[in-house]
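Novice: target15.txt is the file, holding compact mmCIF, C-alpha atoms:
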```
# COMPACT_ATOMS: atom_id res chain seq x y z
CA MET A 1 0.00 0.00 0.00
CA SER A 2 1.26 3.47 -0.85
CA PRO A 3 2.32 5.07 2.44
CA SER A 4 1.59 8.63 1.30
CA ILE A 5 -2.14 8.10 0.78
CA ASN A 6 -4.30 9.58 3.51
CA HIS A 7 -7.85 9.13 2.45
CA LEU A 8 -11.40 8.77 3.69
CA ILE A 9 -11.83 5.12 2.74
CA LEU A 10 -8.56 4.04 4.33
CA ASN A 11 -9.47 5.91 7.50
CA ALA A 12 -13.00 4.48 7.47
CA ILE A 13 -11.55 0.98 7.19
CA GLN A 14 -9.56 1.64 10.35
CA LYS A 15 -12.59 3.33 11.96
CA LYS A 16 -10.64 6.51 12.46
CA PRO A 17 -12.59 9.79 12.75
CA ILE A 18 -13.58 11.16 9.33
CA ASN A 19 -15.64 14.17 8.24
CA ARG A 20 -18.08 12.30 5.97
CA THR A 21 -18.97 8.83 4.71
CA PRO A 22 -16.84 7.75 1.72
CA ILE A 23 -18.49 6.32 -1.39
CA TRP A 24 -17.50 4.24 -4.38
CA ILE A 25 -19.63 1.93 -6.54
CA MET A 26 -19.11 -1.66 -7.56
CA ARG A 27 -18.71 -1.79 -11.36
CA GLN A 28 -18.42 2.00 -11.39
CA ALA A 29 -16.46 1.72 -14.65
CA GLY A 30 -19.04 -0.01 -16.80
CA ARG A 31 -21.87 -0.15 -19.29
CA TYR A 32 -24.11 2.49 -17.68
CA LEU A 33 -21.57 5.09 -18.88
CA PRO A 34 -21.80 6.05 -22.57
CA GLU A 35 -18.09 6.89 -22.63
CA TYR A 36 -17.30 3.36 -21.46
CA ASN A 37 -19.35 1.80 -24.25
CA LYS A 38 -17.59 4.01 -26.76
CA ILE A 39 -14.15 2.80 -25.61
CA LYS A 40 -15.32 -0.83 -25.48
CA ASP A 41 -16.49 -0.60 -29.08
CA LYS A 42 -13.20 1.03 -30.04
CA ALA A 43 -11.31 -1.86 -28.42
CA GLY A 44 -13.42 -4.46 -30.19
CA GLY A 45 -15.12 -5.90 -27.13
CA PHE A 46 -14.75 -6.46 -23.40
CA ILE A 47 -11.85 -8.92 -23.44
CA ASN A 48 -9.78 -6.73 -25.76
CA LEU A 49 -10.52 -3.74 -23.56
CA LEU A 50 -9.34 -5.31 -20.32
CA ARG A 51 -6.19 -6.66 -22.03
CA ASN A 52 -5.21 -3.19 -23.28
CA PRO A 53 -3.47 -1.37 -20.38
CA ASP A 54 -3.96 2.11 -21.85
CA LEU A 55 -7.67 1.63 -22.46
CA ALA A 56 -8.16 -0.19 -19.15
CA CYS A 57 -6.57 2.79 -17.43
CA GLU A 58 -8.84 5.17 -19.32
CA VAL A 59 -12.07 3.39 -18.35
CA THR A 60 -10.90 2.95 -14.75
CA LEU A 61 -10.67 6.73 -14.49
CA GLN A 62 -13.89 7.56 -16.38
CA PRO A 63 -16.25 7.45 -13.37
CA LEU A 64 -13.85 9.60 -11.33
CA LYS A 65 -14.00 12.26 -14.01
CA ARG A 66 -17.81 12.26 -13.86
CA PHE A 67 -18.37 11.84 -10.12
CA ASN A 68 -16.45 12.78 -6.98
CA LEU A 69 -15.97 9.16 -5.93
CA ASP A 70 -13.53 8.32 -3.16
CA ALA A 71 -11.69 5.43 -4.82
CA ALA A 72 -10.89 3.93 -8.19
CA ILE A 73 -11.18 0.20 -8.86
CA ILE A 74 -8.99 -1.26 -11.56
CA PHE A 75 -10.90 -2.30 -14.66
CA SER A 76 -10.48 -6.05 -15.01
CA ASP A 77 -12.38 -9.27 -14.35
CA ILE A 78 -12.22 -11.97 -11.67
CA LEU A 79 -11.71 -14.65 -14.34
CA VAL A 80 -8.38 -13.45 -15.72
CA VAL A 81 -6.65 -15.60 -13.07
CA ALA A 82 -7.86 -18.64 -15.04
CA GLU A 83 -5.28 -17.75 -17.69
CA LEU A 84 -2.62 -18.91 -15.23
CA LEU A 85 -4.24 -22.37 -15.32
CA ASN A 86 -3.98 -22.42 -19.15
CA LEU A 87 -7.74 -22.07 -19.45
CA GLU A 88 -8.99 -20.06 -22.41
CA PHE A 89 -12.24 -18.13 -22.47
CA GLU A 90 -14.06 -15.29 -24.15
CA PHE A 91 -16.85 -12.90 -23.19
CA ILE A 92 -19.93 -13.04 -25.38
CA GLU A 93 -22.29 -10.06 -25.38
CA LYS A 94 -25.43 -10.72 -23.30
CA LYS A 95 -24.16 -14.21 -22.45
CA GLY A 96 -21.05 -13.62 -20.37
CA PRO A 97 -17.89 -15.72 -20.08
CA VAL A 98 -17.56 -18.93 -22.09
CA PHE A 99 -14.62 -21.27 -21.45
CA PHE A 100 -13.12 -23.31 -24.29
CA ASN A 101 -11.77 -25.86 -21.80
CA THR A 102 -12.83 -26.73 -18.25
CA ILE A 103 -11.64 -28.81 -15.32
CA THR A 104 -13.99 -31.46 -13.96
CA THR A 105 -11.79 -34.58 -13.76
CA LYS A 106 -8.28 -35.59 -12.71
CA LYS A 107 -7.40 -35.93 -16.38
CA ASP A 108 -8.36 -32.30 -17.00
CA LEU A 109 -5.74 -31.21 -14.46
CA GLY A 110 -3.08 -32.14 -17.00
CA ILE A 111 -3.60 -28.82 -18.75
CA VAL A 112 -2.44 -26.87 -15.68
CA PRO A 113 1.28 -25.94 -15.76
CA ASN A 114 3.64 -26.94 -12.96
CA LYS A 115 4.58 -23.29 -12.58
CA PHE A 116 2.30 -20.34 -13.24
CA ASP A 117 3.43 -17.85 -15.87
CA ILE A 118 2.40 -14.67 -14.07
CA SER A 119 3.59 -12.59 -17.04
CA LYS A 120 0.36 -13.63 -18.79
CA LEU A 121 -1.35 -11.04 -16.61
CA ASN A 122 1.15 -8.26 -17.17
CA TYR A 123 -1.59 -6.24 -18.87
CA VAL A 124 -3.33 -5.96 -15.49
CA PHE A 125 -0.19 -4.85 -13.68
CA GLU A 126 0.64 -2.32 -16.40
CA ALA A 127 -2.87 -0.87 -16.15
CA ILE A 128 -2.49 -0.57 -12.38
CA LYS A 129 0.77 1.34 -12.77
CA LEU A 130 -0.79 3.68 -15.32
CA VAL A 131 -3.79 4.42 -13.09
CA LYS A 132 -1.57 4.96 -10.05
CA ASN A 133 0.45 7.46 -12.01
CA GLU A 134 -2.69 9.34 -13.06
CA LEU A 135 -4.16 9.34 -9.55
CA ASN A 136 -0.87 10.56 -8.09
CA ASN A 137 -1.92 9.25 -4.66
CA SER A 138 -5.00 11.50 -4.61
CA LYS A 139 -7.31 8.52 -4.12
CA PRO A 140 -6.75 4.85 -3.33
CA LEU A 141 -6.86 2.23 -6.06
CA ILE A 142 -8.77 -0.97 -5.36
CA GLY A 143 -7.61 -4.24 -6.88
CA PHE A 144 -9.60 -7.44 -6.71
CA ILE A 145 -9.84 -11.17 -7.14
CA GLY A 146 -12.67 -13.65 -7.13
CA SER A 147 -12.81 -16.12 -4.28
CA PRO A 148 -11.43 -19.53 -5.31
CA TRP A 149 -14.94 -20.99 -4.98
CA THR A 150 -16.51 -18.35 -7.23
CA VAL A 151 -13.81 -18.71 -9.89
CA ALA A 152 -14.18 -22.50 -9.63
CA THR A 153 -17.86 -22.29 -10.57
CA TYR A 154 -16.81 -20.96 -13.99
CA VAL A 155 -13.79 -23.26 -14.31
CA VAL A 156 -16.07 -26.27 -13.77
CA GLU A 157 -19.29 -25.14 -15.47
CA GLY A 158 -17.61 -23.40 -18.40
CA ASN A 159 -20.07 -20.52 -18.54
CA SER A 160 -22.59 -18.44 -16.63
CA THR A 161 -25.38 -20.70 -15.46
CA LYS A 162 -28.36 -20.63 -13.15
CA LYS A 163 -28.21 -24.31 -12.21
CA PHE A 164 -24.53 -25.04 -11.43
CA ASN A 165 -25.21 -28.75 -11.88
CA LYS A 166 -21.59 -29.81 -12.44
CA ILE A 167 -19.99 -28.12 -9.46
CA ASN A 168 -22.91 -28.95 -7.17
CA LYS A 169 -22.49 -32.60 -8.14
CA LEU A 170 -18.79 -32.53 -7.24
CA VAL A 171 -19.61 -31.02 -3.85
CA ASP A 172 -22.49 -33.40 -3.15
CA GLU A 173 -20.30 -36.39 -3.96
CA GLU A 174 -17.39 -34.92 -1.94
CA ASN A 175 -15.29 -35.54 -5.02
CA PRO A 176 -11.63 -34.76 -4.17
CA ILE A 177 -11.22 -33.04 -7.54
CA ILE A 178 -13.00 -29.98 -6.12
CA ASP A 179 -10.23 -29.52 -3.55
CA ASP A 180 -7.62 -29.91 -6.29
CA ILE A 181 -9.34 -27.21 -8.33
CA LEU A 182 -9.75 -24.87 -5.36
CA SER A 183 -6.12 -25.35 -4.32
CA LEU A 184 -4.90 -24.52 -7.83
CA ILE A 185 -7.04 -21.40 -8.02
CA THR A 186 -5.92 -20.39 -4.53
CA ASN A 187 -2.24 -20.72 -5.41
CA ALA A 188 -2.74 -18.82 -8.67
CA SER A 189 -4.70 -16.12 -6.84
CA ILE A 190 -1.94 -15.71 -4.27
CA GLU A 191 0.61 -14.98 -6.99
CA TYR A 192 -1.83 -12.74 -8.84
CA VAL A 193 -2.85 -10.67 -5.82
CA GLN A 194 0.77 -10.28 -4.71
CA LYS A 195 1.68 -8.86 -8.11
CA GLN A 196 -1.29 -6.48 -7.98
CA ILE A 197 -0.04 -5.16 -4.65
CA ASP A 198 3.51 -4.91 -5.99
CA ALA A 199 2.16 -2.82 -8.88
CA GLY A 200 0.62 -0.33 -6.46
CA ILE A 201 -2.83 -1.50 -5.37
CA ASP A 202 -3.93 0.08 -2.06
CA ILE A 203 -6.91 -2.12 -1.15
CA ILE A 204 -7.82 -5.67 -2.20
CA MET A 205 -11.42 -6.74 -2.62
CA ILE A 206 -12.46 -10.40 -2.72
CA PHE A 207 -15.68 -11.14 -4.58
CA ASP A 208 -17.29 -14.32 -3.24
CA THR A 209 -20.23 -13.91 -5.60
CA TRP A 210 -21.46 -17.49 -5.71
CA SER A 211 -20.97 -18.43 -2.06
CA ASN A 212 -24.76 -18.47 -1.77
CA LEU A 213 -24.70 -21.87 -3.53
CA LEU A 214 -23.14 -23.45 -0.46
CA THR A 215 -24.64 -24.71 2.78
CA LYS A 216 -23.17 -23.27 5.98
CA ASN A 217 -20.83 -26.21 6.49
CA ASN A 218 -19.75 -26.20 2.87
CA TYR A 219 -19.35 -22.41 2.91
CA GLN A 220 -16.64 -22.76 5.55
CA ARG A 221 -15.20 -25.86 3.90
CA TYR A 222 -15.06 -24.78 0.25
CA SER A 223 -14.98 -20.98 0.41
CA LEU A 224 -13.79 -19.32 3.61
CA SER A 225 -10.97 -21.78 4.28
CA TYR A 226 -9.39 -21.07 0.90
CA ILE A 227 -9.95 -17.33 1.16
CA ASN A 228 -8.09 -17.25 4.46
CA LYS A 229 -5.08 -18.91 2.80
CA ILE A 230 -4.96 -15.97 0.39
CA ASN A 231 -5.52 -13.49 3.21
CA GLU A 232 -2.47 -14.83 5.07
CA VAL A 233 -0.32 -13.61 2.18
CA ILE A 234 -2.13 -10.28 1.80
CA ARG A 235 -1.76 -9.62 5.53
CA LYS A 236 2.03 -9.67 5.22
CA THR A 237 1.77 -6.62 2.94
CA LYS A 238 -0.53 -4.73 5.37
CA THR A 239 -2.97 -4.12 2.50
CA PRO A 240 -6.59 -3.74 3.69
CA ILE A 241 -9.04 -6.42 2.54
CA ILE A 242 -12.72 -6.04 1.63
CA TYR A 243 -14.85 -9.19 1.41
CA TYR A 244 -18.16 -9.30 -0.46
CA SER A 245 -20.77 -12.02 -0.75
CA ARG A 246 -24.47 -12.16 -1.51
CA ASN A 247 -25.48 -14.03 1.63
CA THR A 248 -23.92 -12.03 4.45
CA TYR A 249 -26.85 -12.32 6.84
CA GLU A 250 -27.10 -16.11 6.71
CA ASN A 251 -23.40 -16.49 7.57
CA LEU A 252 -22.76 -13.77 10.14
CA ASN A 253 -21.34 -16.18 12.73
CA LEU A 254 -18.95 -17.75 10.22
CA LEU A 255 -17.76 -14.36 8.98
CA LYS A 256 -16.43 -13.55 12.44
CA HIS A 257 -13.56 -15.94 11.70
CA LEU A 258 -12.68 -14.38 8.34
CA ASP A 259 -9.46 -12.37 8.37
CA VAL A 260 -10.56 -9.24 6.53
CA ASP A 261 -11.06 -5.57 7.39
CA VAL A 262 -14.35 -4.79 5.66
CA VAL A 263 -17.44 -6.87 4.94
CA GLY A 264 -19.50 -5.76 1.96
CA ILE A 265 -23.18 -6.55 2.34
CA ASN A 266 -25.98 -6.95 -0.17
CA SER A 267 -29.29 -5.09 -0.16
CA ASP A 268 -31.40 -7.86 1.35
CA VAL A 269 -30.38 -7.15 4.93
CA ASP A 270 -30.57 -4.16 7.27
CA ILE A 271 -27.09 -2.76 7.84
CA LYS A 272 -28.08 -2.16 11.48
CA ILE A 273 -28.46 -5.92 12.04
CA VAL A 274 -25.12 -6.68 10.43
CA LYS A 275 -23.41 -3.96 12.45
CA LYS A 276 -24.89 -5.28 15.68
CA ASN A 277 -23.52 -8.75 14.95
CA ILE A 278 -20.10 -8.08 13.40
CA GLY A 279 -19.66 -4.29 13.48
CA GLU A 280 -17.08 -4.39 16.26
CA ARG A 281 -14.94 -6.77 14.24
CA PHE A 282 -15.29 -5.21 10.77
CA ALA A 283 -15.97 -1.99 8.93
CA LEU A 284 -19.00 -2.37 6.66
CA GLN A 285 -19.60 -1.54 3.01
CA GLY A 286 -22.96 -1.10 1.32
CA ASN A 287 -25.77 -1.46 0.83
CA LEU A 288 -28.20 0.55 -1.36
CA ASP A 289 -30.39 -1.55 -3.64
CA VAL A 290 -29.35 -0.70 -7.19
CA LYS A 291 -33.02 -0.67 -8.25
CA ILE A 292 -33.55 2.40 -6.05
CA LEU A 293 -31.47 4.37 -8.57
CA LYS A 294 -34.34 3.95 -11.04
CA GLU A 295 -36.70 5.80 -8.71
CA ASP A 296 -37.36 9.53 -8.29
CA ASN A 297 -34.81 11.72 -6.55
CA ASN A 298 -36.68 11.94 -3.24
CA THR A 299 -36.94 8.16 -3.00
CA ILE A 300 -33.21 7.84 -3.59
CA LYS A 301 -32.45 10.41 -0.89
CA ASN A 302 -34.81 8.78 1.60
CA GLU A 303 -33.24 5.35 1.08
CA VAL A 304 -29.75 6.81 1.49
CA LYS A 305 -30.77 8.50 4.74
CA LYS A 306 -32.30 5.25 5.97
CA ILE A 307 -28.99 3.40 5.47
CA LEU A 308 -26.97 6.19 7.10
CA ASN A 309 -29.40 6.29 10.03
CA ASN A 310 -29.27 2.54 10.46
CA TYR A 311 -25.47 2.54 10.53
CA GLY A 312 -25.44 5.45 12.96
CA ILE A 313 -23.10 8.25 13.96
CA GLU A 314 -19.78 6.48 13.74
CA SER A 315 -16.88 5.81 11.39
CA GLY A 316 -16.43 2.43 9.74
CA HIS A 317 -19.00 2.69 6.94
CA ILE A 318 -18.16 2.83 3.23
CA PHE A 319 -21.24 3.64 1.17
CA ASN A 320 -21.81 1.44 -1.87
CA LEU A 321 -24.52 -0.50 -3.61
CA GLY A 322 -25.55 -3.97 -2.53
CA THR A 323 -24.53 -5.31 -5.94
CA GLY A 324 -22.72 -3.99 -8.98
CA ILE A 325 -24.36 -1.13 -10.85
CA THR A 326 -26.43 -2.26 -13.84
CA PRO A 327 -26.40 -0.93 -17.42
CA ASP A 328 -29.93 0.52 -17.13
CA ILE A 329 -28.98 3.11 -14.49
CA LYS A 330 -28.76 6.72 -15.65
CA PRO A 331 -25.47 8.47 -14.82
CA GLU A 332 -27.50 11.43 -13.56
CA LYS A 333 -28.85 9.28 -10.74
CA VAL A 334 -25.33 8.27 -9.75
CA ALA A 335 -24.33 11.93 -9.68
CA LEU A 336 -27.29 12.63 -7.40
CA LEU A 337 -26.32 9.76 -5.11
CA VAL A 338 -22.68 10.79 -4.80
CA ASP A 339 -23.48 14.46 -4.22
CA PHE A 340 -26.17 13.67 -1.67
CA ILE A 341 -23.89 11.34 0.31
CA GLN A 342 -21.22 14.00 0.43
CA ASN A 343 -23.66 16.72 1.48
CA ILE A 344 -25.63 14.84 4.14
CA SER A 345 -23.16 12.33 5.60
CA PRO A 346 -21.14 14.88 7.65
CA GLU A 347 -24.12 14.80 10.05
CA TYR A 348 -23.12 11.22 10.89
CA HIS A 349 -19.53 12.11 11.79
CA LEU A 350 -19.90 14.68 14.55
```
Spell out the structure here as structure tokens.
Specialist:
Amino acid sequence: MSPSINHLILNAIQKKPINRTPIWIMRQAGRYLPEYNKIKDKAGGFINLLRNPDLACEVTLQPLKRFNLDAAIIFSDILVVAELLNLEFEFIEKKGPVFFNTITTKKDLGIVPNKFDISKLNYVFEAIKLVKNELNNSKPLIGFIGSPWTVATYVVEGNSTKKFNKINKLVDEENPIIDDILSLITNASIEYVQKQIDAGIDIIMIFDTWSNLLTKNNYQRYSLSYINKINEVIRKTKTPIIYYSRNTYENLNLLKHLDVDVVGINSDVDIKIVKKNIGERFALQGNLDVKILKEDNNTIKNEVKKILNNYGIESGHIFNLGTGITPDIKPEKVALLVDFIQNISPEYHL
């Protein structure tokens, strides 16, 4: 982490006194911005865009030029780590990622190299360096990875799916191949996240998007245990860690044992309840329902105030959505949200 940065989000993570609630937005560089779509078309699609450091830098900074957000998040994707396993994939418009090869058997493991070629992801590290140079330590830069379990769902299924039949079958049968896959992704993620930090990342976020597929016992077994192996390495760098999943409320007791600094929560739970249960242990991030941004301005403001009231007058809250922003949101509504947070939130930091 860059020692010269002194910023709201970093102070909020440590629960130090701050003068207002910081805000950034998951997927803030994305399809709701017309300037993003223009650059994506220029690049020839999503995968070409994220593999072009100059263009990835440009789209990372786009939302900061529009809105007074308190952090940048590097433009990339959780699945790029699969390149280290020699897995090839593409992103198809309106369909998502599609893998040309998958891992579901011991035989499939033969494709994985004995040593990861981390240079395959140099385009990510170059983009990070470019963004850091542009930010000039004015705001922190967030890097990210997917949890090994979440990445594994794509590595096994081969695409976005609603049923997850293949990986669920491996778990139900307690097939040892699932541990082999998770261990490989964990080891690759450790190298990948270390290089992100070396390139200048200030905060690491772990997206455990598909943890809601797992029972409580399996959540600890197949998700949290592997995440903590990665966290052990991140901790040595003193880089703050944000963890996000879609089923925070159901797993509050298990989260107490997760070695992170911030827990991101979805929109299905009252932030007051989460704070009561784990607020002493973690800072919290969230959790406005993205659909609220389709409503009238007063509704947006009332929902924001409700979340701020429920968190209370105290540091340790990073405002965000409960999920990533969607393409149907108007940028004007985001501008309203950001401005309103910055105008009203000082009342909660007396």
Novice: Can you work out the spacing between atom CA of A:Lys166 and atom CA of A:Val151 in Å, to one decimal?
Specialist: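 Those two atoms sit 13.8 Å apart.
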Novice: So, with all atoms listed in the file as the atoms that count, which of A:Ala335, A:Val193, A:Ile39, A:Ile341 lies closest to A:Lys65?
Specialist: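 Using all atoms listed in the file, the shortest distance to A:Lys65 belongs to A:Ala335.
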Novice: Can you list every residue of stretch 243-277 of chain A that has an atom at most 9 Å from stretch 294-316 of chain A, with its nearest atom pair and the distance in Å to one decimal, using only C-alpha atoms, ordered by chain then number, as CSV?
Specialist:
```
residue,atom,partner,partner_atom,distance
A:Val262,CA,A:Gly316,CA,8.5
A:Asp270,CA,A:Asn310,CA,7.5
A:Ile271,CA,A:Tyr311,CA,6.2
A:Lys272,CA,A:Asn310,CA,5.0
A:Ile273,CA,A:Asn310,CA,8.6
A:Lys275,CA,A:Tyr311,CA,7.1
```
Novice: Considering all atoms listed in the file, return as a PyMOL selection string whatever protein or nucleic-acid residues lie within 8 Å of stretch 85-95 of chain A, sequence-local ones (same chain, fewer than 3 positions apart) excluded.
Specialist: chain A and resi 46-47+81-82+98-102+111-113+116+160+184-185+188
Novice: Expressed in Å to a single decimal, how great is the separation between atom CA of A:Leu213 and atom CA of A:Asp179?
Specialist: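 Those two atoms sit 16.4 Å apart.
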Novice: Which residues are near A:Trp210? Cut-off 8 Å, all atoms listed in the file, ignore same chain within fewer than 2 positions. Put them as a list in words.
Specialist: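 In the requested format, the answer is Trp149, Thr150, Thr153, Asp208, Asn212, Leu213, Ser245 and Arg246 of chain A.
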Novice: Would you mind telling me which residue in A:Gln28, A:Thr186, A:Gln14, A:Asn136 lies nearest to A:Thr323 when using all atoms listed in the file?
Specialist: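 Looking only at the distances to A:Thr323, the closest residue turns out to be A:Gln28.
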Novice: In Å to one decimal, how far is atom CA of A:Asn320 from atom CA of A:Ile25?
Specialist: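 Atom CA of A:Asn320 lies 5.2 Å from atom CA of A:Ile25.
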Novice: Under the rule that all atoms listed in the file are counted, which of A:Gly324, A:Asn48, A:Arg20, A:Ala12 is the nearest residue to A:Tyr348?
Specialist: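 Ranked by minimum distance to A:Tyr348, first place goes to A:Arg20.
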Novice: Using all atoms listed in the file, which residues sit within 8 Å of stretch 230-242 of chain A once same-chain residues fewer than 6 positions away are excluded, as a PyMOL selection string?
Specialist: chain A and resi 1+13+186-187+189-190+193-194+197+202-206+259-264
Novice: Counting only C-alpha atoms, note down every residue that has an atom within 12 Å of the point (-20.3, -29.9, -8.4) (file coordinates), as a PyMOL selection string.
Specialist: chain A and resi 103-105+149+152-157+163-179+181+213-214+218+222
Novice: Determine the nearest neighbour of A:Gly45 from the options A:Gly96, A:Gly200, A:Gly143, A:Gly110, counting only C-alpha atoms.
Specialist: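 That would be A:Gly96, the residue with the smallest distance to A:Gly45.
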Novice: Let me make sure I understand: among A:Leu61, A:Leu33, A:Leu284, A:Val80, which one has the smallest atom-to-atom distance to A:Tyr243 if we use only C-alpha atoms?
Specialist: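 Selected residue with least distance to A:Tyr243: A:Leu284.
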Novice: Step by step: start from the point (-17.6, 2.7, -6.3) in the file's coordinates, keep every protein, DNA or RNA residue that has an atom no farther than 8 Å from it, count all atoms listed in the file, and write the set as a list in words.
Specialist: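 Protein, DNA and RNA residues close to (-17.6, 2.7, -6.3): Ile23, Trp24, Ile25, Met26, Arg27, Gln28, Leu69, Asp70, Ala71, Ala72, Ile73 and Asn320 of chain A.
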Novice: Go ahead and save the residues from that selection, with C-alpha atoms, as a tab-separated table (two decimals), in the coordinates of the input.
Specialist:
```tsv
chain	number	residue	atom	x	y	z
A	23	ILE	CA	-18.49	6.32	-1.39
A	24	TRP	CA	-17.50	4.24	-4.38
A	25	ILE	CA	-19.63	1.93	-6.54
A	26	MET	CA	-19.11	-1.66	-7.56
A	27	ARG	CA	-18.71	-1.79	-11.36
A	28	GLN	CA	-18.42	2.00	-11.39
A	69	LEU	CA	-15.97	9.16	-5.93
A	70	ASP	CA	-13.53	8.32	-3.16
A	71	ALA	CA	-11.69	5.43	-4.82
A	72	ALA	CA	-10.89	3.93	-8.19
A	73	ILE	CA	-11.18	0.20	-8.86
A	320	ASN	CA	-21.81	1.44	-1.87
```
